[in-house]
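What's in protein_0.cif: mmCIF, C-alpha atoms
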data_structure
#
loop_
_atom_site.group_PDB
_atom_site.id
_atom_site.type_symbol
_atom_site.label_atom_id
_atom_site.label_comp_id
_atom_site.auth_asym_id
_atom_site.auth_seq_id
_atom_site.Cartn_x
_atom_site.Cartn_y
_atom_site.Cartn_z
ATOM 1 C CA MET P 113 -0.533 177.988 56.198
ATOM 2 C CA ASP P 114 -0.983 175.925 59.304
ATOM 3 C CA VAL P 115 2.339 175.368 61.136
ATOM 4 C CA VAL P 116 1.783 171.616 61.515
ATOM 5 C CA ALA P 117 1.043 171.259 57.802
ATOM 6 C CA ALA P 118 4.130 173.297 56.907
ATOM 7 C CA LYS P 119 6.239 171.072 59.166
ATOM 8 C CA GLN P 120 4.915 167.926 57.497
ATOM 9 C CA ILE P 121 5.643 169.327 54.032
ATOM 10 C CA GLY P 122 9.104 170.404 55.172
ATOM 11 C CA ALA P 123 9.813 166.929 56.536
ATOM 12 C CA GLY P 124 8.796 165.461 53.206
ATOM 13 C CA LEU P 125 11.004 167.893 51.318
ATOM 14 C CA ALA P 126 13.958 167.083 53.598
ATOM 15 C CA THR P 127 13.960 163.505 52.330
ATOM 16 C CA ILE P 128 15.060 164.831 48.908
ATOM 17 C CA ALA P 129 18.541 164.688 50.460
ATOM 18 C CA PHE P 130 18.499 160.968 49.708
ATOM 19 C CA VAL P 131 18.637 161.721 45.967
ATOM 20 C CA GLY P 132 22.172 163.013 46.368
ATOM 21 C CA SER P 133 23.045 160.191 48.712
ATOM 22 C CA GLY P 134 21.838 157.627 46.184
ATOM 23 C CA ILE P 135 23.761 159.194 43.325
ATOM 24 C CA GLY P 136 26.883 159.374 45.476
ATOM 25 C CA ILE P 137 26.725 155.738 46.544
ATOM 26 C CA GLY P 138 26.121 154.723 42.940
ATOM 27 C CA VAL P 139 29.199 156.638 41.807
ATOM 28 C CA VAL P 140 31.340 155.170 44.595
ATOM 29 C CA PHE P 141 30.391 151.543 43.966
ATOM 30 C CA GLY P 142 30.246 151.903 40.187
ATOM 31 C CA ASN P 143 33.730 153.350 40.005
ATOM 32 C CA TYR P 144 35.023 150.744 42.418
ATOM 33 C CA ILE P 145 33.681 147.917 40.290
ATOM 34 C CA SER P 146 34.961 149.384 37.015
ATOM 35 C CA GLY P 147 38.351 149.899 38.645
ATOM 36 C CA ALA P 148 38.312 146.405 40.126
ATOM 37 C CA LEU P 149 37.521 144.846 36.726
ATOM 38 C CA ARG P 150 40.430 146.667 35.113
ATOM 39 C CA ASN P 151 42.864 145.751 37.851
ATOM 40 C CA PRO P 152 41.521 142.908 39.991
ATOM 41 C CA GLY P 153 44.831 142.593 41.816
ATOM 42 C CA ALA P 154 44.480 146.017 43.425
ATOM 43 C CA ALA P 155 40.778 145.614 44.228
ATOM 44 C CA SER P 156 41.043 144.145 47.714
ATOM 45 C CA SER P 157 43.489 146.817 48.890
ATOM 46 C CA GLN P 158 40.926 149.540 48.150
ATOM 47 C CA PHE P 159 38.140 147.861 50.084
ATOM 48 C CA THR P 160 38.586 150.165 53.083
ATOM 49 C CA ASN P 161 38.484 153.279 50.914
ATOM 50 C CA LEU P 162 35.333 151.955 49.250
ATOM 51 C CA TYR P 163 33.465 151.746 52.525
ATOM 52 C CA ILE P 164 34.769 155.092 53.762
ATOM 53 C CA GLY P 165 33.468 156.688 50.561
ATOM 54 C CA TYR P 166 30.179 154.862 50.969
ATOM 55 C CA ALA P 167 29.844 156.016 54.590
ATOM 56 C CA LEU P 168 30.570 159.644 53.714
ATOM 57 C CA CYS P 169 28.015 159.640 50.868
ATOM 58 C CA GLU P 170 25.373 157.979 52.955
ATOM 59 C CA LEU P 171 25.824 160.529 55.725
ATOM 60 C CA GLN P 172 24.676 163.385 53.495
ATOM 61 C CA GLY P 173 21.340 161.652 53.009
ATOM 62 C CA LEU P 174 21.053 160.875 56.694
ATOM 63 C CA PHE P 175 21.377 164.562 57.548
ATOM 64 C CA GLY P 176 18.173 165.041 55.552
ATOM 65 C CA LEU P 177 16.538 162.303 57.608
ATOM 66 C CA LEU P 178 17.705 164.047 60.780
ATOM 67 C CA ILE P 179 16.080 167.305 59.672
ATOM 68 C CA ALA P 180 12.862 165.430 58.861
ATOM 69 C CA LEU P 181 12.868 163.825 62.320
ATOM 70 C CA ILE P 182 13.534 167.164 64.029
ATOM 71 C CA LEU P 183 10.639 168.721 62.126
ATOM 72 C CA LEU P 184 8.260 165.867 62.909
ATOM 73 C CA PHE P 185 9.078 165.221 66.563
ATOM 74 C CA THR P 186 9.889 168.614 68.066
ATOM 75 C CA MET Z 42 -5.805 150.244 62.780
ATOM 76 C CA ALA Z 43 -3.024 152.725 63.489
ATOM 77 C CA ILE Z 44 0.430 151.257 63.955
ATOM 78 C CA ASN Z 45 3.139 153.649 65.002
ATOM 79 C CA PRO Z 46 6.467 152.522 63.505
ATOM 80 C CA MET Z 47 8.381 154.733 65.964
ATOM 81 C CA GLU Z 48 6.899 153.019 69.015
ATOM 82 C CA GLN Z 49 9.715 150.443 69.064
ATOM 83 C CA PHE Z 50 12.249 153.152 69.981
ATOM 84 C CA GLU Z 51 10.484 154.216 73.173
ATOM 85 C CA VAL Z 52 12.614 153.900 76.290
ATOM 86 C CA LYS Z 53 10.429 152.440 79.023
ATOM 87 C CA PRO Z 54 11.542 152.194 82.657
ATOM 88 C CA LEU Z 55 11.415 148.609 83.927
ATOM 89 C CA ILE Z 56 12.614 149.281 87.498
ATOM 90 C CA PRO Z 57 12.002 152.946 88.396
ATOM 91 C CA ILE Z 58 14.892 154.421 90.415
ATOM 92 C CA HIS Z 59 14.975 158.091 91.370
ATOM 93 C CA VAL Z 60 18.003 159.489 93.181
ATOM 94 C CA GLY Z 61 18.145 163.153 94.162
ATOM 95 C CA GLY Z 62 15.789 164.365 91.460
ATOM 96 C CA TYR Z 63 17.534 162.355 88.727
ATOM 97 C CA ASP Z 64 15.759 159.566 86.900
ATOM 98 C CA ILE Z 65 18.230 156.678 86.727
ATOM 99 C CA SER Z 66 15.643 153.951 86.195
ATOM 100 C CA PHE Z 67 16.643 150.575 84.833
ATOM 101 C CA THR Z 68 15.098 150.804 81.351
ATOM 102 C CA ASN Z 69 14.552 148.315 78.545
ATOM 103 C CA GLN Z 70 17.556 149.932 76.878
ATOM 104 C CA ALA Z 71 19.757 149.198 79.893
ATOM 105 C CA LEU Z 72 18.417 145.629 79.986
ATOM 106 C CA TRP Z 73 19.409 144.995 76.377
ATOM 107 C CA MET Z 74 22.821 146.578 76.896
ATOM 108 C CA VAL Z 75 23.415 144.283 79.883
ATOM 109 C CA LEU Z 76 22.340 141.299 77.755
ATOM 110 C CA VAL Z 77 24.716 142.372 74.975
ATOM 111 C CA VAL Z 78 27.664 142.765 77.323
ATOM 112 C CA ILE Z 79 26.975 139.448 79.100
ATOM 113 C CA SER Z 80 26.621 137.463 75.873
ATOM 114 C CA LEU Z 81 29.640 139.175 74.353
ATOM 115 C CA SER Z 82 31.816 138.423 77.386
ATOM 116 C CA LEU Z 83 30.579 134.833 77.572
ATOM 117 C CA PHE Z 84 31.157 134.289 73.848
ATOM 118 C CA LEU Z 85 34.679 135.718 73.826
ATOM 119 C CA THR Z 86 35.804 134.003 77.044
ATOM 120 C CA LEU Z 87 34.228 130.583 76.526
ATOM 121 C CA ALA Z 88 35.240 130.384 72.864
ATOM 122 C CA VAL Z 89 38.961 130.689 73.593
ATOM 123 C CA SER Z 90 39.096 129.250 77.138
ATOM 124 C CA LYS Z 91 40.389 125.856 75.940
ATOM 125 C CA GLY Z 92 42.757 127.277 73.336
ATOM 126 C CA ARG Z 93 42.727 124.287 71.003
ATOM 127 C CA ILE Z 94 45.270 124.094 68.203
ATOM 128 C CA VAL Z 95 42.543 122.928 65.845
ATOM 129 C CA PRO Z 96 39.864 125.501 66.713
ATOM 130 C CA THR Z 97 36.194 124.726 67.188
ATOM 131 C CA ARG Z 98 33.656 126.800 65.275
ATOM 132 C CA ALA Z 99 33.165 129.249 68.169
ATOM 133 C CA GLN Z 100 36.904 129.599 68.711
ATOM 134 C CA SER Z 101 37.619 130.281 65.051
ATOM 135 C CA LEU Z 102 34.824 132.885 65.038
ATOM 136 C CA ALA Z 103 36.404 134.674 68.016
ATOM 137 C CA GLU Z 104 39.861 134.449 66.423
ATOM 138 C CA LEU Z 105 38.472 135.692 63.128
ATOM 139 C CA SER Z 106 36.968 138.808 64.705
ATOM 140 C CA TYR Z 107 40.209 139.425 66.626
ATOM 141 C CA GLU Z 108 42.330 139.188 63.489
ATOM 142 C CA PHE Z 109 39.831 141.232 61.492
ATOM 143 C CA VAL Z 110 40.035 144.185 63.880
ATOM 144 C CA GLY Z 111 43.789 143.752 64.254
ATOM 145 C CA GLY Z 112 44.272 143.872 60.487
ATOM 146 C CA MET Z 113 41.973 146.872 60.203
ATOM 147 C CA ILE Z 114 43.984 148.888 62.749
ATOM 148 C CA ASP Z 115 47.299 147.835 61.222
ATOM 149 C CA MET Z 116 46.121 148.931 57.772
ATOM 150 C CA THR Z 117 44.718 152.328 58.747
ATOM 151 C CA ALA Z 118 46.788 153.452 61.732
ATOM 152 C CA GLY Z 119 49.967 151.421 61.284
ATOM 153 C CA PRO Z 120 51.813 149.443 63.974
ATOM 154 C CA LYS Z 121 51.664 152.374 66.416
ATOM 155 C CA GLY Z 122 47.881 152.152 66.388
ATOM 156 C CA LEU Z 123 47.889 148.587 67.748
ATOM 157 C CA LYS Z 124 48.214 150.080 71.246
ATOM 158 C CA TYR Z 125 44.570 151.132 70.846
ATOM 159 C CA PHE Z 126 43.446 147.633 69.878
ATOM 160 C CA PRO Z 127 41.429 147.052 73.087
ATOM 161 C CA LEU Z 128 39.414 150.248 72.591
ATOM 162 C CA ILE Z 129 38.635 149.649 68.924
ATOM 163 C CA PHE Z 130 37.920 145.945 69.430
ATOM 164 C CA THR Z 131 35.533 146.682 72.314
ATOM 165 C CA ILE Z 132 33.709 149.365 70.345
ATOM 166 C CA PHE Z 133 33.473 147.198 67.230
ATOM 167 C CA MET Z 134 32.142 144.131 69.048
ATOM 168 C CA PHE Z 135 29.753 146.169 71.201
ATOM 169 C CA VAL Z 136 28.257 147.985 68.223
ATOM 170 C CA LEU Z 137 28.113 144.771 66.186
ATOM 171 C CA PHE Z 138 26.313 142.870 68.947
ATOM 172 C CA CYS Z 139 23.936 145.767 69.678
ATOM 173 C CA ASN Z 140 23.014 145.983 65.996
ATOM 174 C CA GLY Z 141 22.693 142.213 65.746
ATOM 175 C CA PHE Z 142 20.578 141.853 68.891
ATOM 176 C CA GLY Z 143 18.360 144.667 67.649
ATOM 177 C CA LEU Z 144 17.267 142.465 64.754
ATOM 178 C CA LEU Z 145 15.691 139.890 67.079
ATOM 179 C CA PRO Z 146 11.908 140.277 66.762
ATOM 180 C CA ILE Z 147 11.178 141.441 70.327
ATOM 181 C CA ALA Z 148 14.456 143.218 70.931
ATOM 182 C CA PHE Z 149 15.141 146.858 71.612
ATOM 183 C CA THR Z 150 17.840 148.301 69.337
ATOM 184 C CA VAL Z 151 20.312 149.952 71.687
ATOM 185 C CA THR Z 152 22.188 151.750 68.911
ATOM 186 C CA SER Z 153 19.002 153.451 67.689
ATOM 187 C CA GLN Z 154 19.323 155.872 70.607
ATOM 188 C CA ILE Z 155 21.514 158.874 69.874
ATOM 189 C CA ALA Z 156 22.523 159.024 73.562
ATOM 190 C CA ILE Z 157 24.319 155.688 73.187
ATOM 191 C CA THR Z 158 26.008 156.375 69.859
ATOM 192 C CA PHE Z 159 27.045 159.869 70.943
ATOM 193 C CA ALA Z 160 28.550 158.499 74.164
ATOM 194 C CA LEU Z 161 30.557 155.959 72.127
ATOM 195 C CA THR Z 162 31.665 158.717 69.761
ATOM 196 C CA MET Z 163 32.766 161.007 72.581
ATOM 197 C CA LEU Z 164 34.856 158.148 73.936
ATOM 198 C CA VAL Z 165 36.657 157.958 70.587
ATOM 199 C CA ILE Z 166 37.003 161.719 70.080
ATOM 200 C CA LEU Z 167 38.291 162.330 73.619
ATOM 201 C CA THR Z 168 40.823 159.528 73.133
ATOM 202 C CA VAL Z 169 41.918 161.193 69.878
ATOM 203 C CA ILE Z 170 42.319 164.609 71.509
ATOM 204 C CA VAL Z 171 44.128 163.286 74.599
ATOM 205 C CA THR Z 172 46.402 161.092 72.436
ATOM 206 C CA GLY Z 173 47.157 163.998 70.110
ATOM 207 C CA PHE Z 174 48.138 166.397 72.881
ATOM 208 C CA PHE Z 175 50.019 163.684 74.763
ATOM 209 C CA ARG Z 176 52.163 162.711 71.771
ATOM 210 C CA HIS Z 177 52.663 166.056 70.044
ATOM 211 C CA GLY Z 178 51.935 168.683 72.709
ATOM 212 C CA LEU Z 179 50.813 171.923 71.134
ATOM 213 C CA GLY Z 180 52.073 170.567 67.801
ATOM 214 C CA PHE Z 181 48.745 168.752 67.644
ATOM 215 C CA PHE Z 182 47.299 171.975 66.215
ATOM 216 C CA LYS Z 183 49.336 171.268 63.065
ATOM 217 C CA LEU Z 184 46.519 168.813 62.303
ATOM 218 C CA PHE Z 185 44.506 171.807 61.127
ATOM 219 C CA VAL Z 186 47.231 173.065 58.777
ATOM 220 C CA PRO Z 187 47.531 170.882 55.663
ATOM 221 C CA ASN Z 188 50.545 170.878 53.358
ATOM 222 C CA ALA Z 189 49.511 173.422 50.748
ATOM 223 C CA PRO Z 190 50.532 176.814 49.342
ATOM 224 C CA LEU Z 191 49.801 179.721 51.691
ATOM 225 C CA ALA Z 192 47.007 181.138 49.533
ATOM 226 C CA ILE Z 193 45.093 177.858 49.764
ATOM 227 C CA LYS Z 194 45.966 177.319 53.426
ATOM 228 C CA ILE Z 195 43.929 180.390 54.425
ATOM 229 C CA PHE Z 196 40.804 178.674 53.128
ATOM 230 C CA LEU Z 197 41.719 175.159 54.205
ATOM 231 C CA VAL Z 198 42.390 175.865 57.885
ATOM 232 C CA PRO Z 199 38.787 176.902 58.739
ATOM 233 C CA LEU Z 200 37.517 173.935 56.726
ATOM 234 C CA GLU Z 201 39.744 171.527 58.642
ATOM 235 C CA ILE Z 202 38.574 172.995 61.955
ATOM 236 C CA ILE Z 203 34.911 172.671 60.949
ATOM 237 C CA SER Z 204 35.512 169.133 59.733
ATOM 238 C CA PHE Z 205 37.158 168.203 63.038
ATOM 239 C CA CYS Z 206 34.307 169.697 65.063
ATOM 240 C CA ALA Z 207 31.666 167.977 62.915
ATOM 241 C CA ARG Z 208 33.189 164.536 63.466
ATOM 242 C CA PRO Z 209 31.488 163.640 66.746
ATOM 243 C CA MET Z 210 28.127 164.522 65.235
ATOM 244 C CA SER Z 211 28.685 162.763 61.933
ATOM 245 C CA LEU Z 212 30.044 159.579 63.512
ATOM 246 C CA SER Z 213 27.187 159.266 65.999
ATOM 247 C CA MET Z 214 24.537 160.391 63.495
ATOM 248 C CA ARG Z 215 25.528 157.762 60.945
ATOM 249 C CA LEU Z 216 25.073 154.796 63.259
ATOM 250 C CA PHE Z 217 21.942 156.179 64.935
ATOM 251 C CA ALA Z 218 20.186 157.201 61.695
ATOM 252 C CA ASN Z 219 21.016 153.944 59.916
ATOM 253 C CA MET Z 220 19.566 151.837 62.708
ATOM 254 C CA LEU Z 221 16.548 154.123 63.078
ATOM 255 C CA ALA Z 222 15.795 154.201 59.346
ATOM 256 C CA GLY Z 223 16.250 150.446 58.883
ATOM 257 C CA HIS Z 224 14.046 149.430 61.784
ATOM 258 C CA THR Z 225 11.378 151.992 60.921
ATOM 259 C CA MET Z 226 11.289 150.618 57.380
ATOM 260 C CA LEU Z 227 10.823 147.050 58.673
ATOM 261 C CA LYS Z 228 7.957 148.133 60.934
ATOM 262 C CA VAL Z 229 6.272 150.124 58.153
ATOM 263 C CA MET Z 230 6.398 147.006 55.936
ATOM 264 C CA ALA Z 231 4.994 144.933 58.806
ATOM 265 C CA GLY Z 232 2.169 147.469 59.025
ATOM 266 C CA PHE Z 233 1.380 146.847 55.337
ATOM 267 C CA VAL Z 234 1.177 143.110 55.986
ATOM 268 C CA ILE Z 235 -1.306 143.598 58.834
ATOM 269 C CA ALA Z 236 -3.383 146.144 56.917
ATOM 270 C CA LEU Z 237 -3.642 143.903 53.833
ATOM 271 C CA GLY Z 238 -4.089 140.707 55.831
ATOM 272 C CA THR Z 239 -7.040 142.076 57.786
ATOM 273 C CA ALA Z 240 -8.655 143.761 54.758
ATOM 274 C CA GLY Z 241 -10.381 140.513 53.785
ATOM 275 C CA GLY Z 242 -11.155 138.985 50.378
ATOM 276 C CA ALA Z 243 -8.468 138.896 47.692
ATOM 277 C CA TYR Z 244 -6.353 141.423 49.616
ATOM 278 C CA THR Z 245 -5.363 138.713 52.074
ATOM 279 C CA PHE Z 246 -3.257 136.993 49.407
ATOM 280 C CA LEU Z 247 -1.636 140.281 48.429
ATOM 281 C CA ALA Z 248 -0.180 140.463 51.962
ATOM 282 C CA ALA Z 249 2.415 137.905 50.838
ATOM 283 C CA ALA Z 250 4.169 140.583 48.755
ATOM 284 C CA PRO Z 251 5.216 142.910 51.619
ATOM 285 C CA GLU Z 252 5.892 139.808 53.717
ATOM 286 C CA ALA Z 253 8.431 138.601 51.132
ATOM 287 C CA LEU Z 254 9.897 142.102 51.042
ATOM 288 C CA ILE Z 255 10.391 141.996 54.837
ATOM 289 C CA VAL Z 256 12.433 138.803 54.505
ATOM 290 C CA GLY Z 257 14.683 140.491 51.948
ATOM 291 C CA LEU Z 258 14.937 143.690 53.968
ATOM 292 C CA THR Z 259 15.859 141.768 57.114
ATOM 293 C CA ALA Z 260 18.762 140.191 55.215
ATOM 294 C CA LEU Z 261 19.763 143.687 54.098
ATOM 295 C CA GLU Z 262 19.542 144.882 57.701
ATOM 296 C CA PHE Z 263 22.009 142.188 58.767
ATOM 297 C CA LEU Z 264 24.412 143.534 56.152
ATOM 298 C CA VAL Z 265 23.839 147.101 57.379
ATOM 299 C CA ALA Z 266 24.315 146.008 60.999
ATOM 300 C CA PHE Z 267 27.743 144.603 60.186
ATOM 301 C CA LEU Z 268 28.668 147.404 57.801
ATOM 302 C CA GLN Z 269 27.856 150.155 60.289
ATOM 303 C CA ALA Z 270 29.889 148.493 63.022
ATOM 304 C CA TYR Z 271 32.751 148.192 60.525
ATOM 305 C CA VAL Z 272 32.441 151.811 59.359
ATOM 306 C CA PHE Z 273 32.250 153.070 62.944
ATOM 307 C CA ALA Z 274 35.385 151.154 63.900
ATOM 308 C CA ILE Z 275 37.343 152.097 60.783
ATOM 309 C CA LEU Z 276 36.542 155.801 61.071
ATOM 310 C CA SER Z 277 37.633 155.676 64.725
ATOM 311 C CA CYS Z 278 40.881 154.111 63.503
ATOM 312 C CA ILE Z 279 41.389 156.862 60.948
ATOM 313 C CA TYR Z 280 40.787 159.624 63.491
ATOM 314 C CA LEU Z 281 43.227 157.934 65.870
ATOM 315 C CA SER Z 282 45.732 157.554 63.060
ATOM 316 C CA GLU Z 283 45.569 161.285 62.338
ATOM 317 C CA ALA Z 284 46.234 162.075 65.990
ATOM 318 C CA LEU Z 285 49.152 159.631 66.035
ATOM 319 C CA HIS Z 286 50.855 160.635 62.802
ATOM 320 C CA LEU Z 287 49.479 164.144 62.064
ATOM 321 C CA HIS Z 288 50.077 164.605 58.347
ATOM 322 C CA ASP Z 289 53.222 162.545 57.766
ATOM 323 C CA ASN Z 290 52.724 159.198 56.135
ATOM 324 C CA HIS Z 291 53.380 156.184 58.289
#
Show this structure as structure tokens.
Amino acid sequence: MDVVAAKQIGAGLATIAFVGSGIGIGVVFGNYISGALRNPGAASSQFTNLYIGYALCELQGLFGLLIALILLFT
Amino acid sequence: MAINPMEQFEVKPLIPIHVGGYDISFTNQALWMVLVVISLSLFLTLAVSKGRIVPTRAQSLAELSYEFVGGMIDMTAGPKGLKYFPLIFTIFMFVLFCNGFGLLPIAFTVTSQIAITFALTMLVILTVIVTGFFRHGLGFFKLFVPNAPLAIKIFLVPLEIISFCARPMSLSMRLFANMLAGHTMLKVMAGFVIALGTAGGAYTFLAAAPEALIVGLTALEFLVAFLQAYVFAILSCIYLSEALHLHDNH
């Protein structure tokens, strides 16, 4: 197979990383909301943890994007 | 018509300067950074220069951001962390304004360059390392040894070391990739509008759909711009807090 074509396919495959990222963010926010509905008083104190969890999940997807960019532009 | 969505991230020299073989030209990136710093300084100085008891809108905005960052440091790093308020506040406001300015239609997004985000990250990480060694001496290495039974410690110590070494990359990557992905998405949508709008016939009306999507996505980008500045600042706080307190709770 042509190297350029293989790189393009690889870049496309690398974006699959966002599947995991999406699931992770869904779990983080879903659990936060279900927890916040059970105990609204404690919800605001966990706001920081919510966004740390969100940031960590999102990062895993962004690593896939990084690999795609490296494949496309180097 | 080929529209390259990555073209917006090109660094173009505005005033070429070459000193001793090094290219230190004044680029569009430098121009936007200067604009960000000037507007940020003007906003923060002019808003509180009068110091009214009943604040104006600008003054309450400045006070709000000050208290927001102050509360964030107090919550994550405790009272000891407030010594690092100037650093965190500067980083937060700089990243926030860079992200915000990047959303102006003709603007260059400074934080979409990994050189900028990595430089900001190194500032934080070096502060963490210097603070850690300054406060704890060689005891700073205890950061890599969590409280756990010995059998688990053997596995956890390499993991902690890897996690510490990956931090500069992850912190800079997050901000850079978010800005890059968001702005690329906006430009790709704009490309759809142009392609449909120039296709002629009934397609012209269909161009309204991606156009409406751009409006929604721009609103989302404003949220992301704030959120990434917040996440960057809060993770810096957490890293600083670890260097200040090691593993004991504050």
Take the PyMOL selection byres ((chain Z) within 10 of (chain P)), apply it to the structure above, and return the hits as a PyMOL selection string.
chain Z and resi 113+116-117+211-212+214-219+221-222+268-269+271-273+275-276+279
Quick one: distance from atom CA of Thr225 of chain Z to atom CA of Pro46 of chain Z in Å, one decimal?
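Those two atoms sit 5.6 Å apart.
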Fewer than 3 positions away in the same chain doesn't count, so skip those; otherwise give me all residues within 8 Å of segment 195-209 of chain Z, counting only C-alpha atoms, as a PyMOL selection string.
chain Z and resi 159+162-163+166+185-187+191-192+212-213
Keeping only C-alpha atoms, take the residues you just selected and write them out as a short mmCIF file (atom, residue, chain, number, x, y, z; two decimals), in the coordinates of the input.
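Final output, result-v4.cif:
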data_model
loop_
_atom_site.label_atom_id
_atom_site.label_comp_id
_atom_site.auth_asym_id
_atom_site.auth_seq_id
_atom_site.Cartn_x
_atom_site.Cartn_y
_atom_site.Cartn_z
CA PHE Z 159 27.04 159.87 70.94
CA THR Z 162 31.66 158.72 69.76
CA MET Z 163 32.77 161.01 72.58
CA ILE Z 166 37.00 161.72 70.08
CA PHE Z 185 44.51 171.81 61.13
CA VAL Z 186 47.23 173.06 58.78
CA PRO Z 187 47.53 170.88 55.66
CA LEU Z 191 49.80 179.72 51.69
CA ALA Z 192 47.01 181.14 49.53
CA LEU Z 212 30.04 159.58 63.51
CA SER Z 213 27.19 159.27 66.00
#
What does the structure give for the distance between atom CA of Val256 of chain Z and atom CA of Met220 of chain Z, in Å to one decimal?
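One can read the atom CA of Val256 of chain Z to atom CA of Met220 of chain Z distance as 17.0 Å.
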The PyMOL selection byres ((chain P and resi 127) around 8) - which residues does that actually catch in the file I just gave you? List them as an NGL selection string.
:P and (123-126 or 128-130 or 173 or 176-177 or 180)
Write the residues of the preceding selection, restricted to C-alpha atoms, as a short mmCIF file (atom, residue, chain, number, x, y, z; two decimals), in the frame of the given file.
data_model
loop_
_atom_site.label_atom_id
_atom_site.label_comp_id
_atom_site.auth_asym_id
_atom_site.auth_seq_id
_atom_site.Cartn_x
_atom_site.Cartn_y
_atom_site.Cartn_z
CA ALA P 123 9.81 166.93 56.54
CA GLY P 124 8.80 165.46 53.21
CA LEU P 125 11.00 167.89 51.32
CA ALA P 126 13.96 167.08 53.60
CA ILE P 128 15.06 164.83 48.91
CA ALA P 129 18.54 164.69 50.46
CA PHE P 130 18.50 160.97 49.71
CA GLY P 173 21.34 161.65 53.01
CA GLY P 176 18.17 165.04 55.55
CA LEU P 177 16.54 162.30 57.61
CA ALA P 180 12.86 165.43 58.86
#
Determine, counting only C-alpha atoms, which protein, DNA and RNA residues have an atom within 12 Å of an atom of Ser106 of chain Z; residues of the same chain fewer than 2 positions away are not included. Present the result as JSON, numbers by chain.
{"Z": [84, 85, 88, 99, 100, 101, 102, 103, 104, 108, 109, 110, 111, 112, 113, 129, 130, 131, 133, 134, 137, 267, 271]}
Which centre and edge lengths in Å to one decimal define the box along x, y and z that fits every listed atom of segment 156-162 of chain P plus 4 Å per side, as AutoDock Vina command-line options?
--center_x 39.4 --center_y 148.7 --center_z 50.4 --size_x 16.2 --size_y 17.1 --size_z 13.4
Straight-line distance linking atom CA of Ile193 of chain Z with atom CA of Cys169 of chain P, stated in Å to one decimal
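Calculated distance between atom CA of Ile193 of chain Z and atom CA of Cys169 of chain P is 25.0 Å.
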Residue members of the PyMOL selection byres ((chain Z and resi 147) around 12) in the file shown, as a list in words:
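So the PyMOL selection byres ((chain Z and resi 147) around 12) ends up selecting Gln49, Phe50, Asn69, Trp73, Phe142, Gly143, Leu144, Leu145, Pro146, Ala148, Phe149, Thr150 and Lys228 of chain Z.
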Write a file of the selected residues as a compact mmCIF listing (two decimals), in the frame of the given file, keeping C-alpha atoms.
# COMPACT_ATOMS: atom_id res chain seq x y z
CA GLN Z 49 9.72 150.44 69.06
CA PHE Z 50 12.25 153.15 69.98
CA ASN Z 69 14.55 148.32 78.54
CA TRP Z 73 19.41 145.00 76.38
CA PHE Z 142 20.58 141.85 68.89
CA GLY Z 143 18.36 144.67 67.65
CA LEU Z 144 17.27 142.46 64.75
CA LEU Z 145 15.69 139.89 67.08
CA PRO Z 146 11.91 140.28 66.76
CA ALA Z 148 14.46 143.22 70.93
CA PHE Z 149 15.14 146.86 71.61
CA THR Z 150 17.84 148.30 69.34
CA LYS Z 228 7.96 148.13 60.93
What's the 12 Å shell around Asn143 of chain P, counting all atoms listed in the file, without same-chain residues fewer than 5 positions away, as JSON, numbers by chain?
{"P": [136, 137, 138, 148, 149, 150, 155, 158, 161, 162, 165, 166]}
Between Z:Leu76, Z:Ala284, Z:Thr245, Z:Pro57, which has the minimum distance to Phe175 of chain Z (counting all atoms listed in the file)?
Z:Ala284
Please list, as a VMD selection string, the residues that have an atom at most 12 Å away from (8.7, 151.2, 57.5) in the coordinates of this file, counting only C-alpha atoms.
chain Z and resid 44 to 49 221 to 234 251 254 to 255 258 to 259
Those residues with C-alpha atoms, as a short mmCIF file (atom, residue, chain, number, x, y, z; two decimals), keeping the file's coordinate frame please?
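Output contents, as saved in selection.cif:
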data_model
loop_
_atom_site.label_atom_id
_atom_site.label_comp_id
_atom_site.auth_asym_id
_atom_site.auth_seq_id
_atom_site.Cartn_x
_atom_site.Cartn_y
_atom_site.Cartn_z
CA ILE Z 44 0.43 151.26 63.96
CA ASN Z 45 3.14 153.65 65.00
CA PRO Z 46 6.47 152.52 63.50
CA MET Z 47 8.38 154.73 65.96
CA GLU Z 48 6.90 153.02 69.02
CA GLN Z 49 9.72 150.44 69.06
CA LEU Z 221 16.55 154.12 63.08
CA ALA Z 222 15.80 154.20 59.35
CA GLY Z 223 16.25 150.45 58.88
CA HIS Z 224 14.05 149.43 61.78
CA THR Z 225 11.38 151.99 60.92
CA MET Z 226 11.29 150.62 57.38
CA LEU Z 227 10.82 147.05 58.67
CA LYS Z 228 7.96 148.13 60.93
CA VAL Z 229 6.27 150.12 58.15
CA MET Z 230 6.40 147.01 55.94
CA ALA Z 231 4.99 144.93 58.81
CA GLY Z 232 2.17 147.47 59.02
CA PHE Z 233 1.38 146.85 55.34
CA VAL Z 234 1.18 143.11 55.99
CA PRO Z 251 5.22 142.91 51.62
CA LEU Z 254 9.90 142.10 51.04
CA ILE Z 255 10.39 142.00 54.84
CA LEU Z 258 14.94 143.69 53.97
CA THR Z 259 15.86 141.77 57.11
#
For the structure just given, write the atoms of segment 132-144 of chain P, namely C-alpha atoms, as an mmCIF file, in the first residue's frame.
data_model
loop_
_atom_site.group_PDB
_atom_site.id
_atom_site.type_symbol
_atom_site.label_atom_id
_atom_site.label_comp_id
_atom_site.auth_asym_id
_atom_site.auth_seq_id
_atom_site.Cartn_x
_atom_site.Cartn_y
_atom_site.Cartn_z
ATOM 1 C CA GLY P 132 -13.570 6.235 24.766
ATOM 2 C CA SER P 133 -13.390 9.927 25.511
ATOM 3 C CA GLY P 134 -17.105 10.317 24.825
ATOM 4 C CA ILE P 135 -18.054 7.367 26.998
ATOM 5 C CA GLY P 136 -15.832 8.661 29.790
ATOM 6 C CA ILE P 137 -17.291 12.162 29.739
ATOM 7 C CA GLY P 138 -20.784 10.687 29.686
ATOM 8 C CA VAL P 139 -20.021 8.577 32.749
ATOM 9 C CA VAL P 140 -18.474 11.527 34.599
ATOM 10 C CA PHE P 141 -21.349 13.938 33.989
ATOM 11 C CA GLY P 142 -24.057 11.295 34.319
ATOM 12 C CA ASN P 143 -22.792 10.155 37.691
ATOM 13 C CA TYR P 144 -22.363 13.734 38.828
#
